[in-house]
Structure formats: C-alpha cells, structure tokens
>>> print(open('final-v5.txt').read())   # compact mmCIF, C-alpha atoms
# COMPACT_ATOMS: atom_id res chain seq x y z
CA MET A 609 133.74 91.35 115.74
CA GLU A 610 132.37 89.09 113.02
CA GLY A 611 129.56 91.36 111.95
CA ALA A 612 126.81 93.72 112.86
CA LEU A 613 123.35 94.70 111.70
CA GLU A 614 124.00 98.11 110.24
CA ARG A 615 121.52 100.63 108.94
CA THR A 616 121.86 104.31 108.12
CA PHE A 617 118.87 106.58 108.66
CA GLU A 618 118.64 109.95 106.95
CA LEU A 619 116.65 112.44 109.00
CA PRO A 620 115.37 115.87 107.87
CA SER A 621 117.86 117.79 110.06
CA PHE A 622 120.57 117.46 112.69
CA ALA A 623 117.98 118.27 115.38
CA ALA A 624 115.74 115.48 114.08
CA ALA A 625 118.72 113.12 114.02
CA LEU A 626 119.37 113.89 117.68
CA VAL A 627 115.72 113.29 118.60
CA PHE A 628 115.93 109.92 116.85
CA VAL A 629 119.16 109.04 118.68
CA ASN A 630 117.50 109.87 121.99
CA ARG A 631 114.59 107.56 121.15
CA VAL A 632 117.04 104.80 120.24
CA GLY A 633 118.88 105.50 123.49
CA GLU A 634 115.68 105.14 125.51
CA LEU A 635 114.94 101.82 123.84
CA ALA A 636 118.54 100.66 124.37
CA GLU A 637 118.36 101.50 128.06
CA SER A 638 115.00 99.86 128.62
CA GLU A 639 116.16 96.72 126.78
CA ASN A 640 119.68 96.90 128.22
CA HIS A 641 121.17 96.35 124.77
CA HIS A 642 123.06 99.20 123.14
CA PRO A 643 123.94 99.69 119.48
CA ASP A 644 126.96 101.61 118.26
CA ILE A 645 125.66 104.95 117.04
CA ALA A 646 127.28 107.31 114.54
CA ILE A 647 125.88 110.76 113.80
CA SER A 648 127.08 112.67 110.78
CA TYR A 649 124.94 115.78 110.59
CA ARG A 650 121.49 114.41 109.70
CA ARG A 651 122.59 110.83 109.03
CA VAL A 652 122.50 108.29 111.85
CA THR A 653 124.12 104.89 111.50
CA LEU A 654 123.20 102.17 113.98
CA ARG A 655 125.17 98.97 114.38
CA TRP A 656 123.56 96.22 116.43
CA TRP A 657 125.71 93.32 117.51
CA THR A 658 126.37 91.31 120.64
CA HIS A 659 129.78 91.72 122.21
CA THR A 660 129.61 88.49 124.20
CA ALA A 661 128.61 86.48 121.13
CA GLY A 662 131.14 88.16 118.84
CA GLY A 663 128.48 88.80 116.24
CA ILE A 664 124.79 89.12 115.45
CA THR A 665 122.15 87.38 117.57
CA ASP A 666 118.34 87.19 117.52
CA ARG A 667 118.36 89.96 120.12
CA ASP A 668 120.10 92.25 117.63
CA ARG A 669 117.57 91.41 114.93
CA GLU A 670 114.73 92.11 117.35
CA LEU A 671 116.14 95.44 118.50
CA ALA A 672 117.04 96.53 114.96
CA ALA A 673 113.46 95.87 113.89
CA MET A 674 112.12 97.89 116.83
CA THR A 675 114.49 100.74 115.91
CA ASN A 676 113.03 100.96 112.43
CA ASP A 677 109.74 102.01 114.00
CA LEU A 678 111.33 104.92 115.88
CA VAL A 679 112.08 107.11 112.86
CA MET B 586 139.07 114.70 104.21
CA GLU B 587 142.62 115.59 105.18
CA GLY B 588 142.08 115.40 108.91
CA ALA B 589 139.93 116.10 111.90
CA LEU B 590 140.28 117.06 115.52
CA GLU B 591 139.31 113.86 117.23
CA ARG B 592 138.78 113.18 120.90
CA THR B 593 137.16 110.31 122.75
CA PHE B 594 135.35 111.02 126.01
CA GLU B 595 134.63 108.25 128.48
CA LEU B 596 131.49 108.94 130.49
CA PRO B 597 130.26 107.06 133.59
CA SER B 598 127.34 105.41 131.76
CA PHE B 599 125.45 105.22 128.47
CA ALA B 600 122.85 107.63 129.88
CA ALA B 601 125.61 110.11 130.76
CA ALA B 602 127.10 109.69 127.30
CA LEU B 603 123.74 110.59 125.78
CA VAL B 604 123.42 113.68 128.01
CA PHE B 605 126.87 114.77 126.86
CA VAL B 606 125.95 114.21 123.20
CA ASN B 607 122.83 116.34 123.66
CA ARG B 608 124.95 119.14 125.14
CA VAL B 609 127.35 118.91 122.21
CA GLY B 610 124.36 118.93 119.88
CA GLU B 611 123.01 122.10 121.46
CA LEU B 612 126.38 123.79 121.04
CA ALA B 613 126.66 122.55 117.46
CA GLU B 614 123.23 123.93 116.61
CA SER B 615 123.83 127.31 118.24
CA GLU B 616 127.20 127.63 116.49
CA ASN B 617 125.92 126.05 113.27
CA HIS B 618 128.96 123.77 113.14
CA HIS B 619 128.49 120.05 113.64
CA PRO B 620 131.06 117.42 114.56
CA ASP B 621 130.81 113.78 113.58
CA ILE B 622 129.72 111.92 116.70
CA ALA B 623 130.22 108.25 117.52
CA ILE B 624 128.68 106.63 120.60
CA SER B 625 129.89 103.24 121.71
CA TYR B 626 128.12 102.54 124.99
CA ARG B 627 129.69 105.08 127.37
CA ARG B 628 132.42 106.29 125.02
CA VAL B 629 131.76 109.29 122.79
CA THR B 630 134.13 110.21 119.98
CA LEU B 631 133.86 113.68 118.44
CA ARG B 632 135.51 114.62 115.16
CA TRP B 633 135.62 118.32 114.33
CA TRP B 634 136.52 119.29 110.79
CA THR B 635 135.30 121.65 108.12
CA HIS B 636 133.78 120.06 105.05
CA THR B 637 134.21 123.13 102.84
CA ALA B 638 137.87 123.49 103.83
CA GLY B 639 138.62 119.78 103.50
CA GLY B 640 140.29 119.75 106.89
CA ILE B 641 140.74 121.45 110.24
CA THR B 642 140.16 125.18 110.67
CA ASP B 643 140.35 127.62 113.61
CA ARG B 644 136.60 127.18 113.96
CA ASP B 645 137.13 123.47 114.66
CA ARG B 646 139.80 124.24 117.25
CA GLU B 647 137.48 126.75 118.92
CA LEU B 648 134.51 124.39 119.01
CA ALA B 649 136.61 121.42 120.15
CA ALA B 650 137.89 123.53 123.05
CA MET B 651 134.33 124.53 123.99
CA THR B 652 133.28 120.88 123.87
CA ASN B 653 135.89 119.93 126.44
CA ASP B 654 134.02 122.10 128.95
CA LEU B 655 130.74 120.23 128.40
CA VAL B 656 131.76 116.93 130.01
>>> encode(input="final-v5.txt", output="structure tokens")
Amino acid sequence: MEGALERTFELPSFAAALVFVNRVGELAESENHHPDIAISYRRVTLRWWTHTAGGITDRDRELAAMTNDLV
Amino acid sequence: MEGALERTFELPSFAAALVFVNRVGELAESENHHPDIAISYRRVTLRWWTHTAGGITDRDRELAAMTNDLV
C-alpha cells in the first residue's frame, strides 16, 4: 500500500464511537467502498484507500469528505 | 504496552463484521472493559489488554474467552 487518507476522530464516549462506526459502516455499504477502521475506546481512526489502485483515489477523497459529516 | 491478547476473526461479510463488533461493544460496555478493535472489511482484530497494568491480566483472558462465543 502506498498510502491512505487517515483521520482520527475523538468521540465523547465508547458508545458514541460505536454509533459513529455504524454510520460509517452504513455509508461504506451503500457506496460499496470500505475504509479500515480502528477503535481505541472513544477514538476512531479511518483509513481510506483503494486496494486495486494500491493507494489513494478520488473515490477515497470523496468518501473521506462524506465521513467528516457523520460525526 | 507489554502485550495484548490478540485474535483476528474472519466474518462472512463486512455487515457481519459490524454486527460482531456491536456485540463485542455491548459486552465491553456491560463489563466496563474495552478492547482495541480493528476492522478491515470482513476481518475483525480484537486486542485485550489492561492499560493500568501495562499488559495482560486475568480480566483480559476472561473477556477474550467471552468474545469467542459472540461470533
């Protein structure tokens, strides 16, 4: 992998982090494009990249931007 | 961190992975002990460890065992 669009979101609680992850999951399913997701208590790190392209594409940028609105 | 109890679960789909993560999250909340969780499409990696102990405790072993029943 050459790179990924990575952002860490800090939520108020673990429960809130899980709600956020479920929203991201819904978006990922509807767009059929899935980020790597890491949950560490109330911190959620998303990494958007495109496996078939071996790096970041416009699709990743688009989805990452949409994710920012889900917090 | 000196170590963690780590296990990767392979689920049938991303949606199933998310269902599993929600089950783990419910358990974590009810037990007030939270693993690090990584989701990579349909693979879920859990890492149980105890921050205050700087490593693995009996509590981690207990929770990890309970998690295995949630798949």
>>> closest_residue(input="final-v5.txt", among="B:Arg608, B:Arg628, B:Arg644, B:His636", to="B:Arg592", atoms="all atoms listed in the file")
B:Arg628
>>> closest_atom_pairs(input="final-v5.txt", of="stretch 610-646 of chain A", to="stretch 611-622 of chain B", cutoff="9 Å", atoms="all atoms listed in the file", output="CSV")
residue,atom,partner,partner_atom,distance
A:Phe622,CA,B:Glu614,CA,8.0
A:Ala623,CA,B:Glu614,CA,7.8
A:Ile645,CA,B:Ile622,CA,8.1
A:Ala646,CA,B:Ile622,CA,5.6
>>> atom_distance(input="final-v5.txt", atom1="atom CA of B:Asp643", atom2="atom CA of A:Glu618")
28.8 Å
>>> atom_distance(input="final-v5.txt", atom1="atom CA of A:Thr658", atom2="atom CA of B:Leu603")
20.1 Å
>>> residues_near_point(input="final-v5.txt", point="(117.3, 115.4, 109.1)", cutoff="12 Å", atoms="all atoms listed in the file", output="short mmCIF file (atom, residue, chain, number, x, y, z; two decimals) with C-alpha atoms, in the coordinates of the input")
data_model
loop_
_atom_site.label_atom_id
_atom_site.label_comp_id
_atom_site.auth_asym_id
_atom_site.auth_seq_id
_atom_site.Cartn_x
_atom_site.Cartn_y
_atom_site.Cartn_z
CA PHE A 617 118.87 106.58 108.66
CA GLU A 618 118.64 109.95 106.95
CA LEU A 619 116.65 112.44 109.00
CA PRO A 620 115.37 115.87 107.87
CA SER A 621 117.86 117.79 110.06
CA PHE A 622 120.57 117.46 112.69
CA ALA A 623 117.98 118.27 115.38
CA ALA A 624 115.74 115.48 114.08
CA ALA A 625 118.72 113.12 114.02
CA LEU A 626 119.37 113.89 117.68
CA VAL A 627 115.72 113.29 118.60
CA PHE A 628 115.93 109.92 116.85
CA VAL A 629 119.16 109.04 118.68
CA ILE A 647 125.88 110.76 113.80
CA SER A 648 127.08 112.67 110.78
CA TYR A 649 124.94 115.78 110.59
CA ARG A 650 121.49 114.41 109.70
CA ARG A 651 122.59 110.83 109.03
CA VAL A 652 122.50 108.29 111.85
CA VAL A 679 112.08 107.11 112.86
#
>>> atom_distance(input="final-v5.txt", atom1="atom CA of A:Leu654", atom2="atom CA of B:Trp633")
20.4 Å
>>> closest_residue(input="final-v5.txt", among="B:Val609, B:Leu648, B:Leu655, B:Ile641", to="B:Ala589", atoms="all atoms listed in the file")
B:Ile641
>>> closest_residue(input="final-v5.txt", among="A:Thr616, A:Asn630, A:Thr665, A:Asn676", to="chain B", atoms="all atoms listed in the file")
A:Asn630
>>> closest_residue(input="final-v5.txt", among="A:Asp677, A:Gly633, A:Gly611, A:Trp657", to="chain B", atoms="all atoms listed in the file")
A:Gly633
